[in-house]
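Chemist: Below is the file model_1.pdb, which contains PDB, C-alpha atoms, pLDDT in the B column.
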```pdb
MODEL        1
ATOM      1  CA  MET A   9     -21.964  30.212 -14.988  1.00 43.00           C
ATOM      2  CA  ILE A  10     -21.635  29.555 -11.241  1.00 49.00           C
ATOM      3  CA  SER A  11     -19.743  26.389 -10.387  1.00 55.00           C
ATOM      4  CA  LEU A  12     -21.451  23.942  -8.051  1.00 60.00           C
ATOM      5  CA  ARG A  13     -18.187  22.416  -6.865  1.00 79.00           C
ATOM      6  CA  PRO A  14     -17.705  24.650  -3.777  1.00 80.00           C
ATOM      7  CA  ARG A  15     -21.313  23.993  -2.745  1.00 83.00           C
ATOM      8  CA  ARG A  16     -20.879  20.242  -3.203  1.00 86.00           C
ATOM      9  CA  ALA A  17     -17.604  20.273  -1.283  1.00 85.00           C
ATOM     10  CA  ARG A  18     -19.243  22.198   1.583  1.00 86.00           C
ATOM     11  CA  ALA A  19     -22.162  19.750   1.646  1.00 85.00           C
ATOM     12  CA  ALA A  20     -19.744  16.802   1.699  1.00 85.00           C
ATOM     13  CA  LEU A  21     -17.823  18.355   4.605  1.00 82.00           C
ATOM     14  CA  LEU A  22     -21.062  18.921   6.515  1.00 80.00           C
ATOM     15  CA  ARG A  23     -22.088  15.298   5.939  1.00 81.00           C
ATOM     16  CA  LEU A  24     -18.690  14.104   7.151  1.00 76.00           C
ATOM     17  CA  ARG A  25     -18.914  16.370  10.203  1.00 73.00           C
ATOM     18  CA  ARG A  26     -22.391  15.041  11.007  1.00 72.00           C
ATOM     19  CA  ARG A  27     -21.292  11.447  10.480  1.00 70.00           C
ATOM     20  CA  LEU A  28     -18.314  11.885  12.825  1.00 65.00           C
ATOM     21  CA  GLY A  29     -20.548  13.534  15.416  1.00 61.00           C
ATOM     22  CA  PHE A  30     -18.900  16.944  15.532  1.00 64.00           C
ATOM     23  CA  GLU A  31     -22.046  19.013  14.961  1.00 65.00           C
ATOM     24  CA  PRO A  32     -24.200  20.166  17.905  1.00 65.00           C
ATOM     25  CA  ASN A  33     -27.283  17.983  18.120  1.00 68.00           C
ATOM     26  CA  ALA A  34     -29.825  17.962  20.932  1.00 67.00           C
ATOM     27  CA  LEU A  35     -30.789  14.379  20.047  1.00 68.00           C
ATOM     28  CA  ARG A  36     -27.272  13.073  20.612  1.00 73.00           C
ATOM     29  CA  ARG A  37     -27.208  10.715  23.597  1.00 82.00           C
ATOM     30  CA  GLU A  38     -24.549  10.077  26.203  1.00 83.00           C
ATOM     31  CA  VAL A  39     -23.523   6.837  24.466  1.00 84.00           C
ATOM     32  CA  ASP A  40     -23.054   8.783  21.213  1.00 82.00           C
ATOM     33  CA  ARG A  41     -20.890  11.388  22.957  1.00 82.00           C
ATOM     34  CA  ARG A  42     -18.819   8.614  24.549  1.00 86.00           C
ATOM     35  CA  GLN A  43     -18.190   6.969  21.192  1.00 85.00           C
ATOM     36  CA  ARG A  44     -17.275  10.313  19.652  1.00 84.00           C
ATOM     37  CA  ALA A  45     -14.831  11.081  22.470  1.00 86.00           C
ATOM     38  CA  VAL A  46     -13.121   7.706  22.011  1.00 89.00           C
ATOM     39  CA  GLY A  47     -12.968   8.285  18.237  1.00 87.00           C
ATOM     40  CA  VAL A  48     -11.374  11.702  18.694  1.00 86.00           C
ATOM     41  CA  GLY A  49      -8.919  10.225  21.208  1.00 90.00           C
ATOM     42  CA  ALA A  50      -8.019   7.406  18.809  1.00 91.00           C
ATOM     43  CA  ALA A  51      -7.438   9.906  16.000  1.00 89.00           C
ATOM     44  CA  ALA A  52      -5.257  12.020  18.311  1.00 92.00           C
ATOM     45  CA  VAL A  53      -3.206   8.985  19.388  1.00 93.00           C
ATOM     46  CA  PHE A  54      -2.695   8.044  15.741  1.00 93.00           C
ATOM     47  CA  ALA A  55      -1.680  11.634  14.887  1.00 92.00           C
ATOM     48  CA  VAL A  56       0.917  11.526  17.680  1.00 93.00           C
ATOM     49  CA  LEU A  57       2.257   8.010  17.042  1.00 91.00           C
ATOM     50  CA  ALA A  58       2.209   7.772  13.246  1.00 93.00           C
ATOM     51  CA  PRO A  59       4.649  10.544  12.192  1.00 93.00           C
ATOM     52  CA  PRO A  60       7.611   9.492  14.377  1.00 94.00           C
ATOM     53  CA  ALA A  61       7.020   5.784  13.655  1.00 93.00           C
ATOM     54  CA  CYS A  62       6.751   6.458   9.926  1.00 94.00           C
ATOM     55  CA  ALA A  63       9.815   8.713   9.866  1.00 94.00           C
ATOM     56  CA  GLY A  64      11.941   6.373  12.001  1.00 95.00           C
ATOM     57  CA  VAL A  65      11.163   3.252   9.987  1.00 95.00           C
ATOM     58  CA  ALA A  66      11.503   5.074   6.649  1.00 95.00           C
ATOM     59  CA  CYS A  67      14.906   6.500   7.657  1.00 96.00           C
ATOM     60  CA  ALA A  68      16.147   3.094   8.822  1.00 96.00           C
ATOM     61  CA  ALA A  69      14.921   1.454   5.596  1.00 95.00           C
ATOM     62  CA  TYR A  70      16.553   4.169   3.504  1.00 95.00           C
ATOM     63  CA  ALA A  71      19.887   3.797   5.309  1.00 95.00           C
ATOM     64  CA  ALA A  72      19.758   0.006   4.853  1.00 95.00           C
ATOM     65  CA  GLY A  73      18.923   0.516   1.177  1.00 93.00           C
ATOM     66  CA  VAL A  74      21.880   2.835   0.651  1.00 94.00           C
ATOM     67  CA  ARG A  75      24.191   0.266   2.274  1.00 94.00           C
ATOM     68  CA  ALA A  76      22.731  -2.417  -0.022  1.00 91.00           C
ATOM     69  CA  GLU A  77      23.310  -0.130  -3.020  1.00 88.00           C
ATOM     70  CA  HIS A  78      27.006   0.264  -2.187  1.00 89.00           C
ATOM     71  CA  ALA A  79      27.482  -3.439  -1.443  1.00 87.00           C
ATOM     72  CA  GLU A  80      25.753  -4.593  -4.627  1.00 84.00           C
ATOM     73  CA  SER A  81      27.431  -2.010  -6.861  1.00 83.00           C
ATOM     74  CA  ALA A  82      30.809  -3.264  -5.615  1.00 82.00           C
ATOM     75  CA  GLU A  83      29.880  -6.885  -6.372  1.00 83.00           C
ATOM     76  CA  HIS A  84      28.139  -6.368  -9.737  1.00 84.00           C
ATOM     77  CA  HIS A  85      29.514  -5.089 -13.020  1.00 83.00           C
ATOM     78  CA  ARG A  86      27.762  -3.836 -16.113  1.00 87.00           C
ATOM     79  CA  LEU A  87      29.008  -5.409 -19.337  1.00 85.00           C
ATOM     80  CA  THR A  88      27.987  -5.589 -22.964  1.00 85.00           C
ATOM     81  CA  ALA A  89      27.038  -9.044 -24.235  1.00 87.00           C
ATOM     82  CA  HIS A  90      26.683 -10.081 -27.878  1.00 88.00           C
ATOM     83  CA  VAL A  91      23.927 -12.239 -29.311  1.00 87.00           C
ATOM     84  CA  SER A  92      25.886 -15.244 -30.553  1.00 86.00           C
ATOM     85  CA  GLY A  93      22.929 -17.478 -31.399  1.00 84.00           C
ATOM     86  CA  ILE A  94      19.148 -17.415 -31.802  1.00 84.00           C
ATOM     87  CA  GLU A  95      16.819 -20.345 -31.266  1.00 84.00           C
ATOM     88  CA  LYS A  96      13.111 -20.355 -32.083  1.00 82.00           C
ATOM     89  CA  GLN A  97      10.552 -22.833 -30.797  1.00 80.00           C
ATOM     90  CA  ASP A  98       7.054 -23.261 -32.171  1.00 76.00           C
ATOM     91  CA  ASN A  99       4.612 -25.548 -30.375  1.00 73.00           C
ATOM     92  CA  GLY A 100       1.764 -24.813 -32.771  1.00 70.00           C
ATOM     93  CA  GLU A 101       0.025 -22.237 -30.590  1.00 75.00           C
ATOM     94  CA  GLN A 102       2.865 -20.010 -29.429  1.00 78.00           C
ATOM     95  CA  ARG A 103       6.290 -19.105 -30.702  1.00 80.00           C
ATOM     96  CA  TYR A 104       9.235 -18.591 -28.399  1.00 82.00           C
ATOM     97  CA  THR A 105      12.524 -16.920 -29.248  1.00 84.00           C
ATOM     98  CA  TYR A 106      15.681 -17.478 -27.193  1.00 86.00           C
ATOM     99  CA  ALA A 107      18.995 -15.706 -27.579  1.00 86.00           C
ATOM    100  CA  ARG A 108      22.403 -16.994 -26.551  1.00 87.00           C
ATOM    101  CA  LEU A 109      24.460 -14.169 -25.098  1.00 88.00           C
ATOM    102  CA  SER A 110      28.255 -14.270 -24.929  1.00 89.00           C
ATOM    103  CA  TRP A 111      30.489 -11.928 -22.960  1.00 87.00           C
ATOM    104  CA  THR A 112      33.931 -11.683 -21.454  1.00 86.00           C
ATOM    105  CA  ALA A 113      33.955 -11.863 -17.645  1.00 84.00           C
ATOM    106  CA  PRO A 114      36.156  -9.522 -15.550  1.00 81.00           C
ATOM    107  CA  ASP A 115      38.652 -12.374 -15.102  1.00 80.00           C
ATOM    108  CA  GLY A 116      39.009 -12.715 -18.901  1.00 81.00           C
ATOM    109  CA  ALA A 117      36.990 -15.936 -19.288  1.00 83.00           C
ATOM    110  CA  THR A 118      34.289 -16.173 -21.939  1.00 86.00           C
ATOM    111  CA  ARG A 119      30.818 -16.799 -20.543  1.00 87.00           C
ATOM    112  CA  SER A 120      27.429 -17.390 -22.129  1.00 86.00           C
ATOM    113  CA  ALA A 121      23.778 -17.715 -21.136  1.00 85.00           C
ATOM    114  CA  VAL A 122      20.460 -18.292 -22.862  1.00 86.00           C
ATOM    115  CA  ILE A 123      17.657 -15.805 -22.241  1.00 83.00           C
ATOM    116  CA  ALA A 124      14.167 -15.215 -23.610  1.00 85.00           C
ATOM    117  CA  ALA A 125      14.284 -12.669 -26.424  1.00 83.00           C
ATOM    118  CA  GLY A 126      11.939 -10.736 -28.629  1.00 79.00           C
ATOM    119  CA  ARG A 127      11.189 -11.588 -32.225  1.00 77.00           C
ATOM    120  CA  THR A 128      13.205  -8.608 -33.439  1.00 79.00           C
ATOM    121  CA  THR A 129      16.437  -9.833 -31.805  1.00 81.00           C
ATOM    122  CA  ARG A 130      19.209 -10.104 -34.391  1.00 84.00           C
ATOM    123  CA  LEU A 131      22.423 -12.112 -34.448  1.00 85.00           C
ATOM    124  CA  GLY A 132      25.407  -9.970 -33.420  1.00 83.00           C
ATOM    125  CA  ALA A 133      23.289  -7.410 -31.547  1.00 85.00           C
ATOM    126  CA  THR A 134      24.645  -6.022 -28.280  1.00 87.00           C
ATOM    127  CA  VAL A 135      22.774  -6.280 -24.993  1.00 86.00           C
ATOM    128  CA  PRO A 136      23.773  -4.571 -21.716  1.00 88.00           C
ATOM    129  CA  ILE A 137      23.863  -7.071 -18.830  1.00 86.00           C
ATOM    130  CA  TRP A 138      24.939  -7.244 -15.201  1.00 87.00           C
ATOM    131  CA  VAL A 139      27.350  -9.875 -13.919  1.00 87.00           C
ATOM    132  CA  ASP A 140      28.536 -10.811 -10.449  1.00 84.00           C
ATOM    133  CA  GLU A 141      32.144 -11.118  -9.219  1.00 82.00           C
ATOM    134  CA  ARG A 142      32.506 -14.551 -10.886  1.00 83.00           C
ATOM    135  CA  GLY A 143      31.295 -13.166 -14.213  1.00 82.00           C
ATOM    136  CA  ALA A 144      27.960 -15.024 -14.100  1.00 84.00           C
ATOM    137  CA  MET A 145      24.884 -13.177 -15.299  1.00 85.00           C
ATOM    138  CA  SER A 146      22.967 -11.603 -12.411  1.00 84.00           C
ATOM    139  CA  ARG A 147      20.139  -9.195 -11.721  1.00 86.00           C
ATOM    140  CA  ARG A 148      20.573  -5.439 -11.779  1.00 86.00           C
ATOM    141  CA  PRO A 149      21.937  -4.161  -8.450  1.00 86.00           C
ATOM    142  CA  GLN A 150      19.705  -2.119  -6.223  1.00 87.00           C
ATOM    143  CA  GLY A 151      19.439   1.490  -7.344  1.00 87.00           C
ATOM    144  CA  ARG A 152      18.351   4.712  -5.664  1.00 90.00           C
ATOM    145  CA  THR A 153      14.793   4.358  -6.989  1.00 92.00           C
ATOM    146  CA  ASP A 154      14.522   0.932  -5.335  1.00 91.00           C
ATOM    147  CA  THR A 155      15.871   2.365  -2.093  1.00 93.00           C
ATOM    148  CA  VAL A 156      13.398   5.252  -2.053  1.00 94.00           C
ATOM    149  CA  ALA A 157      10.486   2.959  -2.930  1.00 95.00           C
ATOM    150  CA  GLY A 158      11.467   0.566  -0.143  1.00 94.00           C
ATOM    151  CA  ALA A 159      11.666   3.434   2.350  1.00 95.00           C
ATOM    152  CA  VAL A 160       8.241   4.738   1.289  1.00 95.00           C
ATOM    153  CA  PHE A 161       6.633   1.320   1.627  1.00 96.00           C
ATOM    154  CA  ALA A 162       8.300   0.751   4.995  1.00 95.00           C
ATOM    155  CA  GLY A 163       7.088   4.134   6.259  1.00 95.00           C
ATOM    156  CA  ALA A 164       3.557   3.444   5.041  1.00 94.00           C
ATOM    157  CA  GLY A 165       3.631   0.060   6.759  1.00 94.00           C
ATOM    158  CA  ALA A 166       4.771   1.696  10.001  1.00 94.00           C
ATOM    159  CA  ALA A 167       1.939   4.229   9.771  1.00 93.00           C
ATOM    160  CA  GLY A 168      -0.524   1.397   9.213  1.00 93.00           C
ATOM    161  CA  ALA A 169       0.876  -0.499  12.199  1.00 93.00           C
ATOM    162  CA  ALA A 170       0.573   2.643  14.345  1.00 93.00           C
ATOM    163  CA  ALA A 171      -3.079   2.942  13.305  1.00 92.00           C
ATOM    164  CA  LEU A 172      -4.027  -0.593  14.362  1.00 93.00           C
ATOM    165  CA  PRO A 173      -4.097  -0.242  18.208  1.00 93.00           C
ATOM    166  CA  PRO A 174      -6.208   2.963  18.336  1.00 92.00           C
ATOM    167  CA  LEU A 175      -8.486   1.610  15.612  1.00 91.00           C
ATOM    168  CA  ALA A 176      -8.957  -1.652  17.528  1.00 93.00           C
ATOM    169  CA  VAL A 177      -9.830   0.263  20.714  1.00 92.00           C
ATOM    170  CA  TYR A 178     -12.297   2.457  18.831  1.00 90.00           C
ATOM    171  CA  LEU A 179     -13.970  -0.532  17.165  1.00 90.00           C
ATOM    172  CA  LEU A 180     -14.333  -2.322  20.507  1.00 93.00           C
ATOM    173  CA  VAL A 181     -15.863   0.776  22.103  1.00 91.00           C
ATOM    174  CA  ARG A 182     -18.134   1.280  19.109  1.00 88.00           C
ATOM    175  CA  ARG A 183     -19.324  -2.313  19.349  1.00 91.00           C
ATOM    176  CA  ARG A 184     -20.116  -1.796  23.030  1.00 91.00           C
ATOM    177  CA  CYS A 185     -21.898   1.469  22.263  1.00 88.00           C
ATOM    178  CA  ASP A 186     -23.939  -0.231  19.529  1.00 88.00           C
ATOM    179  CA  ARG A 187     -24.988  -2.848  22.081  1.00 89.00           C
ATOM    180  CA  ASP A 188     -25.997  -0.109  24.521  1.00 87.00           C
ATOM    181  CA  ARG A 189     -27.963   1.689  21.808  1.00 86.00           C
ATOM    182  CA  ALA A 190     -29.776  -1.519  20.886  1.00 87.00           C
ATOM    183  CA  ALA A 191     -30.673  -2.087  24.570  1.00 86.00           C
ATOM    184  CA  MET A 192     -31.969   1.489  24.811  1.00 85.00           C
ATOM    185  CA  TRP A 193     -34.118   0.920  21.735  1.00 85.00           C
ATOM    186  CA  ASP A 194     -35.520  -2.303  23.212  1.00 82.00           C
ATOM    187  CA  THR A 195     -36.359  -0.510  26.454  1.00 84.00           C
ATOM    188  CA  ALA A 196     -38.031   2.338  24.590  1.00 78.00           C
ATOM    189  CA  TRP A 197     -40.116  -0.043  22.462  1.00 81.00           C
ATOM    190  CA  ALA A 198     -41.121  -2.076  25.522  1.00 79.00           C
ATOM    191  CA  ARG A 199     -42.290   1.154  27.174  1.00 78.00           C
ATOM    192  CA  LEU A 200     -44.366   1.995  24.103  1.00 76.00           C
ATOM    193  CA  ASP A 201     -45.909  -1.486  23.994  1.00 67.00           C
ATOM    194  CA  ARG A 202     -47.234  -1.253  27.585  1.00 66.00           C
ATOM    195  CA  PRO A 203     -50.987  -0.739  27.712  1.00 64.00           C
ATOM    196  CA  HIS A 204     -51.841   2.679  29.086  1.00 58.00           C
ATOM    197  CA  ILE A 205     -54.309   2.649  31.969  1.00 54.00           C
ATOM    198  CA  GLY A 206     -56.748   5.491  32.446  1.00 50.00           C
TER     199      GLY A 206
ENDMDL
END
```
Show me this structure written as structure tokens.

Modeler:
Amino acid sequence: MISLRPRRARAALLRLRRRLGFEPNALRREVDRRQRAVGVGAAAVFAVLAPPACAGVACAAYAAGVRAEHAESAEHHRLTAHVSGIEKQDNGEQRYTYARLSWTAPDGATRSAVIAAGRTTRLGATVPIWVDERGAMSRRPQGRTDTVAGAVFAGAGAAGAAALPPLAVYLLVRRRCDRDRAAMWDTAWARLDRPHIG
């Protein structure tokens, strides 16, 4: 059985080519060619500006992320806390379970905190946590995955920012060309509406 996918893909490419104005067409007017030229120029400007902007911003964001990784890993410590108490609350519609965690801080002091817990949490269970220099419970420090994700998002944002000026120019030119096309249509219709003499 012959697959229709290549034929559909070719038809889609031809439609895209026609829509962008890259196919030869005797009916294409000067205003259409002008809009196409500006569109091609805008795409070329974006192709020139986007890669270096994206790469530069992504590299800077990655370097800042790596510095943040080192700084946070020096200030945060991973410890094992024990569930020293469980408290359950029932307001009639929902049930909440809270666990009191206890751990020994790096300075030797005993610390505790209450966190939301699952229903399967048991007394005496161990939970890995992160603490800051004072031994207080803190968030997980930034990891390599966070750094890479931040660099990717920063690069994508830079590419989007690089696309805005050429896109704005193209949209302004297209609006002007649409106005010119509408005026040409009005002129053509007015010519058709004139009574023919003789």

Chemist: What is the distance, in Å and to one decimal place, between CA of Val135 (chain A) and CA of His90 (chain A)?

Modeler: 6.2 Å

Chemist: Going by the chain IDs and residue numbers used in this file, which residues fall under the PyMOL selection byres ((chain A and resi 53-69) around 12)? Write them as number ranges by chain.

Modeler: A: 46-52, 70-76, 154-178

Chemist: Kindly export the residues of the current selection with C-alpha atoms, as an mmCIF file, keeping the file's coordinate frame.

Modeler:
```
data_model
loop_
_atom_site.group_PDB
_atom_site.id
_atom_site.type_symbol
_atom_site.label_atom_id
_atom_site.label_comp_id
_atom_site.auth_asym_id
_atom_site.auth_seq_id
_atom_site.Cartn_x
_atom_site.Cartn_y
_atom_site.Cartn_z
ATOM 1 C CA VAL A 46 -13.121 7.706 22.011
ATOM 2 C CA GLY A 47 -12.968 8.285 18.237
ATOM 3 C CA VAL A 48 -11.374 11.702 18.694
ATOM 4 C CA GLY A 49 -8.919 10.225 21.208
ATOM 5 C CA ALA A 50 -8.019 7.406 18.809
ATOM 6 C CA ALA A 51 -7.438 9.906 16.000
ATOM 7 C CA ALA A 52 -5.257 12.020 18.311
ATOM 8 C CA TYR A 70 16.553 4.169 3.504
ATOM 9 C CA ALA A 71 19.887 3.797 5.309
ATOM 10 C CA ALA A 72 19.758 0.006 4.853
ATOM 11 C CA GLY A 73 18.923 0.516 1.177
ATOM 12 C CA VAL A 74 21.880 2.835 0.651
ATOM 13 C CA ARG A 75 24.191 0.266 2.274
ATOM 14 C CA ALA A 76 22.731 -2.417 -0.022
ATOM 15 C CA ASP A 154 14.522 0.932 -5.335
ATOM 16 C CA THR A 155 15.871 2.365 -2.093
ATOM 17 C CA VAL A 156 13.398 5.252 -2.053
ATOM 18 C CA ALA A 157 10.486 2.959 -2.930
ATOM 19 C CA GLY A 158 11.467 0.566 -0.143
ATOM 20 C CA ALA A 159 11.666 3.434 2.350
ATOM 21 C CA VAL A 160 8.241 4.738 1.289
ATOM 22 C CA PHE A 161 6.633 1.320 1.627
ATOM 23 C CA ALA A 162 8.300 0.751 4.995
ATOM 24 C CA GLY A 163 7.088 4.134 6.259
ATOM 25 C CA ALA A 164 3.557 3.444 5.041
ATOM 26 C CA GLY A 165 3.631 0.060 6.759
ATOM 27 C CA ALA A 166 4.771 1.696 10.001
ATOM 28 C CA ALA A 167 1.939 4.229 9.771
ATOM 29 C CA GLY A 168 -0.524 1.397 9.213
ATOM 30 C CA ALA A 169 0.876 -0.499 12.199
ATOM 31 C CA ALA A 170 0.573 2.643 14.345
ATOM 32 C CA ALA A 171 -3.079 2.942 13.305
ATOM 33 C CA LEU A 172 -4.027 -0.593 14.362
ATOM 34 C CA PRO A 173 -4.097 -0.242 18.208
ATOM 35 C CA PRO A 174 -6.208 2.963 18.336
ATOM 36 C CA LEU A 175 -8.486 1.610 15.612
ATOM 37 C CA ALA A 176 -8.957 -1.652 17.528
ATOM 38 C CA VAL A 177 -9.830 0.263 20.714
ATOM 39 C CA TYR A 178 -12.297 2.457 18.831
#
```

Chemist: Kindly resolve the PyMOL selection byres ((chain A and resi 143) around 9) on the present coordinates and return the residues as a list in words.

Modeler: His84, His85, Trp111, Thr112, Ala113, Pro114, Asp115, Ala117, Thr118, Arg119, Trp138, Val139, Asp140, Glu141, Arg142, Ala144, Met145 and Ser146 of chain A

Chemist: Of the candidates A:Arg108, A:Arg16, A:Arg26, A:Arg37, which shows the shortest atom-to-atom distance to Ala121 (chain A), using all atoms listed in the file?

Modeler: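 So, comparing all the options, the nearest one is A:Arg108.
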
Chemist: Give me, please, the distance in Å between CA of Leu109 (chain A) and CA of Val91 (chain A), quoted to one decimal.

Modeler: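 Between CA of Leu109 (chain A) and CA of Val91 (chain A) the gap is 4.7 Å.
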
Chemist: CA of Gln97 (chain A) and CA of Arg147 (chain A) are how many Å apart?

Modeler: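 According to the coordinates, CA of Gln97 (chain A) and CA of Arg147 (chain A) are separated by 25.3 Å.
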
Chemist: Would you mind listing what lies within 9 Å of Ser92 (chain A) as a list of chain:residue names, with only C-alpha atoms counted and same-chain residues fewer than 3 positions away left out?

Modeler: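 The filter keeps A:Ala89, A:Ala107, A:Arg108, A:Leu109, A:Ser110, A:Ser120, A:Leu131, A:Gly132, A:Ala133.
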
Chemist: For His78 (chain A), which residue out of A:Glu95, A:Asp186, A:Leu200, A:Pro149 is the nearest one, using only C-alpha atoms?

Modeler: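 Among the listed residues, the smallest separation from His78 (chain A) belongs to A:Pro149.
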
Chemist: I want to know what sits within 10 Å of Tyr104 (chain A), based on only C-alpha atoms, with residues of the same chain fewer than 2 positions away left out; could you give that as a list in words?

Modeler: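 With the cut-off at 10 Å, the set is Glu95, Lys96, Gln97, Asp98, Asn99, Gln102, Tyr106, Ala124, Ala125, Gly126 and Arg127 of chain A.
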
Chemist: Using 3 Å of padding on each side, determine the axis-aligned box around all atoms of region 138-145 of chain A present in the file and give its centre and edge lengths in Å to one decimal, as AutoDock Vina command-line options.

Modeler:
```
--center_x 28.7 --center_y -11.1 --center_z -12.3 --size_x 13.6 --size_y 13.8 --size_z 12.1
```

Chemist: Could you check which of A:Ala79, A:Arg44, A:Leu24, A:Pro14 is closest to Gly151 (chain A), using all atoms listed in the file?

Modeler: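 Going through A:Ala79, A:Arg44, A:Leu24, A:Pro14 one by one, the smallest distance to Gly151 (chain A) is for A:Ala79.
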
Chemist: Out of A:Arg25, A:Ser81, A:Ala45, A:Gly116, which residue has the shortest atom-to-atom distance to Arg148 (chain A) when counting all atoms listed in the file?

Modeler: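 Distance minimum relative to Arg148 (chain A) lands on A:Ser81.
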
Chemist: Using only C-alpha atoms, find the one residue out of A:Ala82, A:Ala20, A:Ala196, A:Val39 that sits nearest to Arg184 (chain A).

Modeler: A:Val39
